[in-house]
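Have a look at data_24.txt below; it lists compact mmCIF, C-alpha atoms and all ligand atoms.
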# COMPACT_ATOMS: atom_id res chain seq x y z
CA MET A 18 -21.11 -31.13 24.63
CA THR A 19 -17.50 -31.77 25.61
CA GLU A 20 -14.57 -29.53 24.80
CA GLY A 21 -13.47 -29.78 21.20
CA GLU A 22 -16.62 -31.44 20.08
CA SER A 23 -19.12 -29.77 17.85
CA ALA A 24 -21.78 -30.99 15.46
CA GLY A 25 -20.48 -34.52 15.77
CA ARG A 26 -16.92 -33.62 14.76
CA VAL A 27 -13.97 -33.78 17.13
CA PHE A 28 -11.34 -31.05 17.08
CA PRO A 29 -8.42 -32.12 19.26
CA TYR A 30 -6.48 -29.07 18.02
CA TRP A 31 -8.70 -26.82 20.07
CA LYS A 32 -6.56 -27.68 23.06
CA HIS A 33 -3.87 -25.41 21.60
CA ALA A 34 -3.89 -21.85 22.81
CA VAL A 35 -3.72 -20.27 19.34
CA VAL A 36 -5.78 -21.19 16.35
CA TRP A 37 -6.02 -19.43 12.98
CA LEU A 38 -9.48 -18.66 11.73
CA VAL A 39 -9.72 -18.83 7.92
CA ARG A 40 -12.58 -17.06 6.17
CA TYR A 41 -13.57 -17.90 2.63
CA GLY A 42 -15.95 -16.20 0.26
CA GLU A 43 -17.62 -17.62 -2.83
CA ILE A 44 -17.31 -21.24 -1.69
CA ALA A 45 -20.09 -20.55 0.80
CA LEU A 46 -22.51 -19.78 -2.06
CA LYS A 47 -22.14 -23.21 -3.66
CA SER A 48 -24.49 -26.18 -3.41
CA PRO A 49 -23.65 -28.52 -0.48
CA GLY A 50 -21.84 -31.08 -2.69
CA VAL A 51 -19.68 -28.52 -4.50
CA ARG A 52 -19.05 -26.66 -1.29
CA ASP A 53 -17.84 -29.82 0.41
CA MET A 54 -15.47 -30.59 -2.49
CA TRP A 55 -14.11 -27.04 -2.69
CA GLU A 56 -13.62 -26.79 1.06
CA ARG A 57 -11.60 -30.00 0.94
CA GLN A 58 -9.50 -28.62 -1.91
CA LEU A 59 -8.94 -25.40 0.04
CA MET A 60 -7.86 -27.38 3.11
CA THR A 61 -5.40 -29.41 1.02
CA ASN A 62 -4.02 -26.21 -0.52
CA ILE A 63 -3.66 -24.59 2.92
CA ARG A 64 -1.68 -27.57 4.23
CA GLU A 65 0.63 -27.53 1.19
CA GLY A 66 3.67 -25.39 1.92
CA GLN A 67 2.98 -25.14 5.66
CA PRO A 68 5.51 -26.53 8.15
CA ASP A 69 5.10 -30.08 9.49
CA GLY A 70 2.77 -30.11 12.44
CA CYS A 71 0.30 -27.68 10.88
CA LYS A 72 -3.22 -29.06 11.12
CA VAL A 73 -6.30 -27.97 9.20
CA SER A 74 -9.91 -28.71 10.15
CA ARG A 75 -13.32 -27.27 9.32
CA ASP A 76 -16.63 -26.59 10.94
CA ARG A 77 -19.72 -24.87 9.50
CA GLY A 78 -18.39 -22.08 7.31
CA ARG A 79 -15.00 -21.82 8.98
CA ILE A 80 -11.63 -23.44 8.47
CA TRP A 81 -9.24 -23.64 11.41
CA VAL A 82 -5.46 -23.96 11.23
CA THR A 83 -3.39 -24.92 14.25
CA GLY A 84 0.15 -25.87 15.18
CA ALA A 85 3.08 -24.33 13.32
CA VAL A 86 1.60 -21.82 10.88
CA ASP A 87 3.37 -19.70 8.25
CA ARG A 88 1.10 -16.66 8.04
CA LEU A 89 2.68 -15.25 4.89
CA ARG A 90 1.97 -18.49 3.07
CA LEU A 91 -1.67 -18.35 4.22
CA GLY A 92 -1.82 -14.94 2.51
CA LYS A 93 -1.10 -16.62 -0.83
CA VAL A 94 -3.65 -19.40 -0.80
CA PHE A 95 -6.44 -18.65 -3.27
CA GLY A 96 -9.91 -18.99 -1.81
CA ILE A 97 -8.92 -17.39 1.48
CA VAL A 98 -10.58 -14.02 2.04
CA SER A 99 -8.87 -13.31 5.36
CA VAL A 100 -7.29 -14.96 8.40
CA SER A 101 -7.13 -14.10 12.08
CA PRO A 102 -5.01 -15.59 14.83
CA CYS A 103 -7.37 -16.34 17.73
CA ARG A 104 -7.14 -17.21 21.34
CA THR A 105 -9.67 -19.78 22.31
CA CYS A 106 -11.42 -20.70 25.56
CA SER A 107 -14.65 -22.28 26.75
CA LEU A 108 -17.79 -20.15 26.96
CA GLU A 109 -17.65 -20.54 30.72
CA ASP A 110 -14.23 -18.80 30.82
CA ILE A 111 -14.93 -16.05 28.29
CA THR A 112 -15.06 -13.10 30.70
CA ALA A 113 -11.78 -13.96 32.43
CA GLU A 114 -10.08 -14.78 29.11
CA LEU A 115 -11.29 -11.57 27.49
CA ILE A 116 -9.95 -9.48 30.37
CA ARG A 117 -6.61 -11.29 30.12
CA TYR A 118 -6.57 -10.75 26.34
CA MET A 119 -7.32 -7.03 26.65
CA GLY A 120 -4.78 -6.68 29.43
CA ASP A 121 -2.11 -8.07 27.09
CA LEU A 122 -3.19 -5.77 24.28
CA LEU A 123 -4.10 -2.41 25.69
CA PRO A 124 -1.85 0.27 27.09
CA GLY A 125 -4.43 0.97 29.80
CA THR A 126 -6.05 3.95 28.09
CA GLY A 127 -7.95 4.56 24.85
CA SER A 128 -11.14 3.12 23.46
CA PHE A 129 -12.41 -0.25 22.33
CA ALA A 130 -15.38 -1.95 20.69
CA LEU A 131 -16.51 -5.51 21.16
CA ARG A 132 -17.91 -7.30 18.11
CA VAL A 133 -19.70 -10.51 19.02
CA ARG A 134 -20.91 -13.23 16.63
CA ARG A 135 -22.65 -16.40 17.66
CA THR A 136 -23.40 -19.84 16.21
CA GLY A 137 -25.38 -22.42 18.21
CA ASN A 138 -28.00 -22.29 20.96
CA HIS A 139 -27.31 -19.85 23.77
CA THR A 140 -29.35 -18.15 26.46
CA LEU A 141 -28.14 -14.67 25.43
CA SER A 142 -28.21 -12.92 22.05
CA SER A 143 -24.98 -11.59 20.48
CA GLN A 144 -25.89 -8.07 21.61
CA GLU A 145 -26.55 -9.22 25.15
CA TYR A 146 -23.18 -10.99 25.24
CA ALA A 147 -21.52 -7.83 23.90
CA ARG A 148 -23.16 -5.71 26.59
CA GLU A 149 -22.32 -8.12 29.40
CA LEU A 150 -18.71 -8.61 28.33
CA GLY A 151 -18.27 -4.87 27.66
CA GLU A 152 -19.34 -4.05 31.19
CA ALA A 153 -16.89 -6.59 32.61
CA VAL A 154 -14.05 -5.04 30.57
CA ARG A 155 -14.96 -1.51 31.68
CA ASP A 156 -14.97 -2.62 35.32
CA ALA A 157 -11.55 -4.19 34.85
CA PHE A 158 -10.09 -1.22 32.90
CA PRO A 159 -11.87 1.96 34.10
CA GLU A 160 -9.66 4.26 31.93
CA ILE A 161 -10.75 2.59 28.73
CA SER A 162 -13.92 3.80 27.06
CA VAL A 163 -16.31 2.13 24.64
CA ASP A 164 -16.42 3.63 21.14
CA LEU A 165 -18.43 1.66 18.64
CA THR A 166 -17.87 3.95 15.64
CA ASN A 167 -14.17 4.78 15.82
CA PRO A 168 -12.58 2.52 18.40
CA GLY A 169 -8.86 2.42 19.12
CA ILE A 170 -9.15 -1.34 18.93
CA SER A 171 -11.89 -3.75 17.87
CA ILE A 172 -11.97 -7.04 19.71
CA HIS A 173 -13.90 -9.81 18.02
CA VAL A 174 -15.49 -12.57 20.00
CA GLU A 175 -16.84 -15.49 18.03
CA ILE A 176 -18.95 -17.87 20.09
CA ARG A 177 -19.49 -21.27 18.50
CA ASP A 178 -21.51 -23.57 20.72
CA ASP A 179 -19.47 -23.76 23.93
CA ARG A 180 -16.16 -22.52 22.45
CA CYS A 181 -15.10 -18.90 22.08
CA TYR A 182 -12.54 -17.33 19.76
CA LEU A 183 -11.00 -13.97 20.48
CA TYR A 184 -9.12 -11.94 17.90
CA HIS A 185 -8.30 -8.38 16.90
CA GLU A 186 -6.22 -8.82 13.75
CA ILE A 187 -7.59 -9.58 10.28
CA PHE A 188 -5.01 -10.29 7.57
CA PRO A 189 -6.28 -10.32 3.98
CA GLY A 190 -5.90 -13.35 1.71
CA PRO A 191 -5.92 -13.22 -2.09
CA GLY A 192 -9.62 -14.21 -2.40
CA GLY A 193 -10.80 -16.12 -5.45
CA LEU A 194 -11.39 -19.88 -5.69
CA PRO A 195 -9.20 -22.72 -4.40
CA LEU A 196 -6.47 -23.54 -6.89
CA GLY A 197 -7.36 -26.64 -8.89
CA VAL A 198 -11.15 -26.62 -8.59
CA GLU A 199 -11.51 -25.45 -12.19
CA GLY A 200 -8.91 -27.78 -13.71
CA THR A 201 -5.74 -26.99 -15.67
CA LEU A 202 -4.75 -24.44 -18.31
CA VAL A 203 -1.58 -24.03 -20.35
CA ALA A 204 -0.27 -20.45 -20.18
CA LEU A 205 2.05 -18.62 -22.56
CA LEU A 206 4.56 -17.02 -20.22
CA SER A 207 7.04 -14.54 -21.70
CA GLY A 208 8.18 -13.30 -18.28
CA GLY A 209 6.91 -9.81 -19.14
CA ILE A 210 4.50 -7.88 -16.95
CA ASP A 211 1.31 -8.99 -18.68
CA SER A 212 1.63 -12.75 -18.94
CA ALA A 213 2.66 -13.08 -15.27
CA VAL A 214 -0.43 -11.13 -14.17
CA ALA A 215 -2.69 -13.05 -16.56
CA ILE A 216 -1.49 -16.33 -15.05
CA TRP A 217 -2.04 -15.07 -11.51
CA MET A 218 -5.59 -14.02 -12.40
CA MET A 219 -6.49 -17.43 -13.81
CA MET A 220 -4.93 -19.14 -10.77
CA LYS A 221 -7.13 -16.91 -8.65
CA ARG A 222 -10.19 -18.31 -10.39
CA GLY A 223 -9.25 -21.88 -9.50
CA CYS A 224 -7.13 -22.90 -12.52
CA ARG A 225 -3.89 -24.79 -12.06
CA ILE A 226 -1.37 -23.43 -14.56
CA VAL A 227 1.20 -25.16 -16.73
CA PRO A 228 3.39 -22.33 -18.10
CA VAL A 229 5.28 -22.54 -21.36
CA PHE A 230 8.08 -20.22 -22.46
CA ILE A 231 9.03 -20.23 -26.11
CA ASP A 232 12.62 -19.39 -26.79
CA MET A 233 13.14 -18.12 -30.29
CA PRO A 234 16.77 -18.07 -31.22
CA PRO A 235 18.39 -15.74 -32.10
CA PHE A 236 15.93 -13.19 -30.62
CA LEU A 237 15.52 -14.16 -26.97
CA GLY A 238 18.02 -16.38 -25.16
CA ASP A 239 19.56 -16.54 -21.67
CA SER A 240 18.40 -13.22 -20.26
CA ALA A 241 14.77 -13.85 -21.25
CA LEU A 242 14.93 -17.33 -19.73
CA LYS A 243 16.38 -15.95 -16.50
CA ARG A 244 13.55 -13.42 -16.33
CA VAL A 245 10.95 -16.14 -16.82
CA GLN A 246 12.52 -18.21 -14.05
CA ALA A 247 12.53 -15.23 -11.67
CA VAL A 248 8.85 -14.56 -12.39
CA LEU A 249 8.10 -18.25 -11.97
CA GLY A 250 9.70 -18.12 -8.52
CA ILE A 251 7.04 -15.60 -7.47
CA LEU A 252 4.21 -17.52 -9.14
CA SER A 253 5.32 -20.68 -7.30
CA GLU A 254 4.42 -18.96 -4.03
CA TYR A 255 0.82 -19.06 -5.24
CA GLN A 256 1.03 -22.47 -6.93
CA PRO A 257 3.70 -24.54 -5.16
CA GLY A 258 5.51 -26.88 -7.54
CA ILE A 259 4.55 -24.99 -10.71
CA THR A 260 6.76 -26.33 -13.52
CA LEU A 261 7.92 -24.41 -16.55
CA HIS A 262 8.05 -25.95 -20.03
CA THR A 263 10.69 -24.32 -22.22
CA ILE A 264 10.51 -24.90 -25.93
CA GLU A 265 13.14 -23.72 -28.40
CA ASP A 266 11.70 -22.90 -31.78
CA THR A 267 13.36 -21.46 -34.89
CA TYR A 268 10.20 -21.01 -36.96
CA VAL A 269 10.13 -17.21 -36.67
CA ALA A 270 13.78 -16.83 -37.65
CA ARG A 271 13.13 -18.89 -40.76
CA ALA A 272 9.79 -17.28 -41.54
CA ARG A 273 11.22 -13.79 -41.23
CA GLU A 274 13.75 -14.35 -44.03
CA SER A 275 11.12 -15.69 -46.34
CA LEU A 276 8.61 -12.90 -45.52
CA ARG A 277 11.29 -10.30 -46.13
CA ALA A 278 12.01 -11.70 -49.55
CA SER A 279 8.33 -11.56 -50.55
CA GLY A 280 7.65 -8.13 -48.98
CA ASP A 281 5.30 -9.61 -46.35
CA GLU A 282 7.40 -8.72 -43.32
CA LYS A 283 4.52 -6.83 -41.71
CA TYR A 284 2.91 -10.17 -40.85
CA VAL A 285 5.82 -11.56 -38.87
CA CYS A 286 4.35 -10.77 -35.40
CA LEU A 287 1.09 -12.48 -36.26
CA LEU A 288 2.84 -15.55 -37.59
CA CYS A 289 4.98 -15.61 -34.46
CA LYS A 290 1.94 -15.50 -32.15
CA ARG A 291 0.08 -18.10 -34.17
CA ARG A 292 3.09 -20.35 -33.86
CA MET A 293 3.09 -19.84 -30.08
CA TYR A 294 -0.60 -20.69 -29.89
CA ARG A 295 0.01 -23.90 -31.80
CA ILE A 296 2.83 -24.93 -29.48
CA ALA A 297 0.64 -24.16 -26.46
CA GLU A 298 -2.27 -26.08 -27.95
CA ASP A 299 -0.13 -29.16 -28.62
CA LEU A 300 1.00 -29.13 -25.00
CA ALA A 301 -2.56 -28.54 -23.78
CA SER A 302 -3.84 -31.51 -25.77
CA GLU A 303 -1.04 -33.70 -24.49
CA ILE A 304 -1.81 -32.95 -20.84
CA HIS A 305 -5.60 -32.61 -21.29
CA ALA A 306 -5.65 -28.95 -20.28
CA GLY A 307 -8.88 -27.02 -20.84
CA GLY A 308 -7.49 -23.99 -22.69
CA ILE A 309 -4.69 -21.49 -23.17
CA VAL A 310 -3.95 -18.30 -21.20
CA THR A 311 -2.19 -15.28 -22.67
CA GLY A 312 -1.39 -11.79 -21.39
CA GLU A 313 -2.97 -10.02 -24.35
CA SER A 314 -4.89 -6.81 -23.76
CA MET A 315 -7.07 -5.08 -26.35
CA GLY A 316 -5.07 -2.72 -28.56
CA GLN A 317 -1.82 -3.00 -26.60
CA VAL A 318 0.33 -3.83 -29.65
CA ALA A 319 -0.32 -4.52 -33.33
CA SER A 320 -1.01 -8.23 -32.80
CA GLN A 321 -3.66 -7.38 -30.19
CA THR A 322 -6.15 -5.40 -32.26
CA LEU A 323 -9.71 -6.70 -32.55
CA ASP A 324 -9.05 -7.91 -36.11
CA ASN A 325 -5.75 -9.55 -35.31
CA LEU A 326 -6.99 -11.32 -32.19
CA LYS A 327 -9.57 -12.90 -34.50
CA VAL A 328 -6.72 -14.10 -36.73
CA LEU A 329 -5.00 -15.57 -33.65
CA ASP A 330 -8.15 -17.25 -32.37
CA ARG A 331 -8.54 -19.25 -35.58
CA VAL A 332 -5.42 -21.26 -34.75
CA SER A 333 -6.74 -23.03 -31.71
CA VAL A 334 -9.67 -25.35 -31.15
CA LEU A 335 -9.23 -24.85 -27.41
CA PRO A 336 -10.54 -21.64 -25.81
CA ILE A 337 -8.07 -18.78 -25.38
CA TYR A 338 -8.33 -17.00 -22.02
CA ARG A 339 -7.20 -13.38 -21.94
CA PRO A 340 -7.98 -12.15 -18.43
CA LEU A 341 -6.33 -8.76 -19.14
CA ILE A 342 -8.30 -7.97 -22.25
CA GLY A 343 -10.05 -4.91 -20.76
CA PHE A 344 -7.23 -3.68 -18.54
CA ASP A 345 -5.08 -0.58 -19.01
CA LYS A 346 -1.34 -1.07 -18.65
CA THR A 347 -1.35 0.97 -15.43
CA GLU A 348 -3.97 -1.35 -13.95
CA ILE A 349 -1.91 -4.39 -14.94
CA ILE A 350 1.19 -2.86 -13.36
CA THR A 351 -0.69 -2.23 -10.11
CA ILE A 352 -1.54 -5.94 -9.89
CA ALA A 353 2.01 -6.95 -10.87
CA ARG A 354 3.37 -4.84 -8.00
CA LYS A 355 0.84 -6.27 -5.56
CA ILE A 356 1.64 -9.89 -6.38
CA GLY A 357 5.40 -9.32 -6.57
CA THR A 358 6.17 -10.11 -10.22
CA PHE A 359 6.72 -6.52 -11.39
CA GLU A 360 10.34 -6.12 -10.33
CA HIS A 361 11.32 -9.34 -12.07
CA SER A 362 9.29 -8.65 -15.20
CA ILE A 363 11.10 -5.37 -15.83
CA MET A 364 14.53 -7.02 -15.82
CA PRO A 365 16.27 -5.98 -19.05
CA VAL A 366 16.28 -8.83 -21.56
CA SER A 367 17.16 -9.32 -25.18
CA SER A 368 13.83 -9.17 -26.96
CA CYS A 369 12.28 -9.82 -30.33
CA CYS A 370 12.21 -6.06 -31.10
CA CYS A 371 14.80 -6.49 -33.82
CA ALA A 372 12.38 -8.80 -35.61
CA VAL A 373 9.39 -6.46 -35.34
CA PRO A 374 8.76 -4.65 -38.66
CA ASN A 375 8.41 -0.85 -38.79
CA ARG A 376 4.76 -1.09 -39.76
CA PRO A 377 3.28 -4.34 -38.48
CA ALA A 378 -0.12 -5.29 -39.87
CA THR A 379 -2.94 -4.21 -37.57
CA SER A 380 -5.82 -5.68 -39.53
CA ALA A 381 -4.70 -8.83 -41.27
CA ASP A 382 -6.88 -10.95 -43.50
CA PRO A 383 -6.95 -14.47 -42.02
CA LEU A 384 -6.95 -16.01 -45.49
CA VAL A 385 -3.76 -14.13 -46.42
CA ILE A 386 -2.10 -15.32 -43.21
CA GLU A 387 -3.17 -18.90 -43.79
CA ALA A 388 -1.85 -18.79 -47.36
CA LEU A 389 1.46 -17.40 -46.13
CA GLU A 390 1.76 -20.16 -43.56
CA GLU A 391 1.09 -22.76 -46.19
CA ARG A 392 3.74 -21.27 -48.45
CA LEU A 393 6.22 -21.25 -45.56
CA ALA A 394 5.41 -24.84 -44.71
CA ASN A 395 6.13 -25.85 -48.28
CA ASN A 396 9.33 -23.74 -48.45
CA THR A 397 10.89 -24.40 -45.09
CA GLY A 398 9.38 -27.69 -43.95
P1 LIG B 401 3.98 -9.77 -21.71
O1 LIG B 401 2.73 -9.62 -22.53
O2 LIG B 401 3.96 -10.99 -20.88
O3 LIG B 401 4.34 -8.53 -20.98
P2 LIG B 401 5.37 -9.22 -24.04
O4 LIG B 401 4.78 -7.86 -23.93
O5 LIG B 401 6.80 -9.43 -24.36
O6 LIG B 401 5.14 -10.00 -22.73
P3 LIG B 401 3.46 -9.58 -26.12
O7 LIG B 401 4.07 -9.25 -27.40
O8 LIG B 401 2.53 -8.63 -25.47
O9 LIG B 401 4.53 -10.08 -25.07
O10 LIG B 401 2.76 -10.99 -26.32
C1 LIG B 401 1.43 -11.28 -25.95
C2 LIG B 401 1.38 -12.58 -25.18
O11 LIG B 401 2.01 -13.64 -25.90
C3 LIG B 401 2.10 -12.53 -23.88
O12 LIG B 401 1.34 -11.92 -22.87
C4 LIG B 401 2.35 -13.98 -23.60
O13 LIG B 401 1.18 -14.61 -23.12
C5 LIG B 401 2.65 -14.51 -25.00
N1 LIG B 401 4.11 -14.52 -25.26
C6 LIG B 401 4.85 -13.56 -25.84
N2 LIG B 401 6.13 -13.93 -25.95
C7 LIG B 401 6.21 -15.19 -25.42
C8 LIG B 401 7.26 -16.15 -25.27
N3 LIG B 401 8.50 -15.90 -25.68
N4 LIG B 401 6.96 -17.33 -24.71
C9 LIG B 401 5.70 -17.61 -24.30
N5 LIG B 401 4.68 -16.76 -24.44
C10 LIG B 401 4.91 -15.56 -24.99
MG MG B 402 2.31 -7.60 -23.56

What would the structure in this file look like if it were written as structure tokens?
Amino acid sequence: MTEGESAGRVFPYWKHAVVWLVRYGEIALKSPGVRDMWERQLMTNIREGQPDGCKVSRDRGRIWVTGAVDRLRLGKVFGIVSVSPCRTCSLEDITAELIRYMGDLLPGTGSFALRVRRTGNHTLSSQEYARELGEAVRDAFPEISVDLTNPGISIHVEIRDDRCYLYHEIFPGPGGLPLGVEGTLVALLSGGIDSAVAIWMMMKRGCRIVPVFIDMPPFLGDSALKRVQAVLGILSEYQPGITLHTIEDTYVARARESLRASGDEKYVCLLCKRRMYRIAEDLASEIHAGGIVTGESMGQVASQTLDNLKVLDRVSVLPIYRPLIGFDKTEIITIARKIGTFEHSIMPVSSCCCAVPNRPATSADPLVIEALEERLANNTG
């Protein structure tokens, strides 16, 4: 087999000295057809946002990226479990290349471990290769010792047919499934901590997101919109090109006056959320999205009790996805910090607090809510 040729595929990029090894997780468990499709989607997503000249190829459970590579961007591509920059050489040259590699890396003292993996037909087993290569390294660097349990440095050698890949760094990716393999969802994005994290979690499971922010004059306004845009900037690192829909809606302002007059003010938050669901559902139907994402978490506020979530669910024919439903606020904040939205989400904004009643309903009767909405529709058009 000639250089750069394996299993009938040609990899001209192997001539480059450095290649990035991309590891993926769940994709490998899929049936061959699905796996092929998802690998292709992952490769497309990897290429997106990388500099010109970046090339992506695949071979039996591995994806390779060569040319100009933006490592930080690789760390934000869903589906990637981890990446490693590798040096590559032919199997024939492995001993010399390994000694060169270790010479560049090591200070001359300390300990090391060699981890060898193999794919293809070879005369030696992985262990035999490890032993043989380890001895060559020890001869070349007599002050360095082998320590397999707690080594100063672990050098990985991956032998694939007649090519070898050497690496010692493993950078984590976000995991999950390639963005887009599960289709599209509309997400209600307030810009607060929860909705940003909820969106990220659904992206992680392969859903492309169309976010919608509902501006409710006079309660929200410029500062809330700025916060949403800042959060969107972070989310666009995970879904390049993500586009925000902003919808101005005065329903709550009008409803509030009417509810006040009839002594039903305690229902205003529920009516507000139901209105948001309807707006999201209209958009979802228009763009053929498969459902709606919200940042609701069980019991977090009055509109998120078990009874009230039932009242909200009745609005939409499409499924409502609430990936944070079982999370504590502290857990949500930990994720928000990790993905980078937290600092933006805590920007001070004008909020709807002034519209929230002192004692919002925590267990509303859906029939009462529906009757109220009908009355409002007749009163306010
Ligand atoms: P977040 O939940 O994002 O921190 P929040 O706490 O201000 O924002 P909640 O009252 O908890 O909002 O609302 C529950 C969910 O309703 C949010 O997670 C979000 O999905 C949606 N939502 C709230 N306000 C808006 C808005 N102005 N535009 C779009 N969606 C919104
Ligand atoms: Mg919230």

| query | Which of these residues is nearest to ligand MG 402 (chain B), using all atoms listed in the file: A:Lys346, A:Arg64, A:Arg57, A:Lys327? | reply |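 Between A:Lys346, A:Arg64, A:Arg57, A:Lys327, the residue approaching ligand MG 402 (chain B) most closely is A:Lys346.
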
Mind dumping a table of every chain A residue within 6 Å of ligand LIG 401 (chain B), with the nearest atom pair and its distance in Å to one decimal, using only C-alpha atoms and all ligand atoms, sorted by chain and rising number, as a tab-separated table?
residue	atom	partner	partner_atom	distance
A:Leu205	CA	B:LIG401	N5	3.7
A:Leu206	CA	B:LIG401	N5	4.2
A:Ser207	CA	B:LIG401	C7	3.9
A:Gly208	CA	B:LIG401	O2	5.5
A:Gly209	CA	B:LIG401	O3	3.4
A:Ile210	CA	B:LIG401	O3	4.1
A:Asp211	CA	B:LIG401	O3	3.8
A:Ser212	CA	B:LIG401	O2	3.5
A:Val229	CA	B:LIG401	C9	5.8
A:Phe230	CA	B:LIG401	N4	3.8
A:Ile231	CA	B:LIG401	N4	3.8
A:Asp232	CA	B:LIG401	N3	5.5
A:Thr311	CA	B:LIG401	O13	3.5
A:Gly312	CA	B:LIG401	O12	3.1
A:Glu313	CA	B:LIG401	C1	4.8

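Using all atoms listed in the file, the shortest contact distance between Pro189 of chain A and any of A:Ser253, A:Ile97, A:Glu265, A:Ser362 is found at A:Ile97.
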
| remark: What separates atom CA of Ala247 of chain A and atom CA of Glu360 of chain A is a distance of 9.5 Å

| message | Just to confirm, what's the straight-line distance from atom CA of Asn138 of chain A to atom CA of Gly120 of chain A in Å (one decimal)? | response | 29.2 Å

| message | I need the residue nearest Leu131 of chain A from this list: A:Arg177, A:Arg155, A:Arg117, A:Arg244. Use only C-alpha atoms for the distance. | response | A:Arg155

| query | Which is closer to ligand MG 402 (chain B) than all the others in A:Asp345, A:Glu186, A:Asp178, A:Asp121, using all atoms listed in the file? | reply |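 With all atoms listed in the file as the atom set, the closest residue is A:Asp345.
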
| query | With distances taken over all atoms listed in the file, which of A:Val94, A:Ala213, A:Ala153, A:Leu141 is nearest to Thr112 of chain A? | reply |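 For Thr112 of chain A, the nearest of the candidates is A:Ala153.
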
| query | For the atom pair atom CA of Arg40 of chain A and atom CA of Gln144 of chain A, what is the interatomic distance in Å to one decimal place? | reply |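 According to the coordinates, atom CA of Arg40 of chain A and atom CA of Gln144 of chain A are separated by 22.3 Å.
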
| For Ile259 of chain A, which of A:Ile304, A:Met315, A:Val227, A:Leu393 is the closest residue, counting only C-alpha atoms? |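 Looking at the shortest contact to Ile259 of chain A, the residue is A:Val227.
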
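Residues in contact with Ile251 of chain A at 8 Å, where all atoms listed in the file are counted and same-chain residues fewer than 6 positions away are skipped, are listed as Ile356, Gly357 and Thr358 of chain A.
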
Around segment 223-231 of chain A, fit a box with edges along x, y and z, padding it by 8 Å on each side, then list its centre and edge lengths in Å to one decimal as JSON.
{"center_x": -0.1, "center_y": -22.7, "center_z": -17.8, "size_x": 34.3, "size_y": 20.9, "size_z": 32.6}

| field | Who sits within 12 Å of Arg222 of chain A, only C-alpha atoms, same chain under 5 positions skipped, as a list in words | value |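 So the residues in contact are Glu43, Ile44, Val94, Phe95, Gly96, Ile97, Pro191, Gly192, Gly193, Leu194, Pro195, Leu196, Gly197, Val198, Glu199, Gly200, Thr201, Leu202, Ala215, Ile216, Trp217, Tyr338 and Pro340 of chain A.
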
| query | Skipping near chain neighbours, those fewer than 6 positions away, what residues fall within 12 Å of Ala297 of chain A using only C-alpha atoms, listed as a ChimeraX atom specification? | reply | /A:202-206,227-231,262-264,290-291,303-311,332-337

| said: Would you pick out the contacts of Trp81 of chain A at 6 Å or less, using all atoms listed in the file, so that residues sharing its chain but fewer than 6 positions from it are not included, and give the list as a ChimeraX atom specification? | reply: /A:37-39,73-75

Please complete segment 272-283 of chain A with N, CA and C atoms and give it back as a compact mmCIF listing (two decimals), keeping the file's coordinate frame.
# COMPACT_ATOMS: atom_id res chain seq x y z
N ALA A 272 10.92 -17.94 -40.88
CA ALA A 272 9.79 -17.28 -41.54
C ALA A 272 10.16 -15.84 -41.92
N ARG A 273 10.90 -15.20 -41.04
CA ARG A 273 11.22 -13.79 -41.23
C ARG A 273 12.00 -13.59 -42.55
N GLU A 274 12.95 -14.46 -42.80
CA GLU A 274 13.75 -14.35 -44.03
C GLU A 274 12.85 -14.46 -45.26
N SER A 275 11.99 -15.43 -45.20
CA SER A 275 11.12 -15.69 -46.34
C SER A 275 10.12 -14.53 -46.55
N LEU A 276 9.58 -14.00 -45.42
CA LEU A 276 8.61 -12.90 -45.52
C LEU A 276 9.28 -11.63 -46.05
N ARG A 277 10.51 -11.44 -45.64
CA ARG A 277 11.29 -10.30 -46.13
C ARG A 277 11.41 -10.35 -47.65
N ALA A 278 11.77 -11.52 -48.12
CA ALA A 278 12.01 -11.70 -49.55
C ALA A 278 10.74 -11.41 -50.36
N SER A 279 9.57 -11.76 -49.79
CA SER A 279 8.33 -11.56 -50.55
C SER A 279 7.63 -10.25 -50.20
N GLY A 280 8.24 -9.43 -49.34
CA GLY A 280 7.65 -8.13 -48.98
C GLY A 280 6.48 -8.27 -48.00
N ASP A 281 6.42 -9.39 -47.29
CA ASP A 281 5.30 -9.61 -46.35
C ASP A 281 5.74 -9.50 -44.90
N GLU A 282 6.81 -8.77 -44.67
CA GLU A 282 7.40 -8.72 -43.32
C GLU A 282 6.42 -8.22 -42.25
N LYS A 283 5.46 -7.41 -42.69
CA LYS A 283 4.52 -6.83 -41.71
C LYS A 283 3.69 -7.89 -40.97
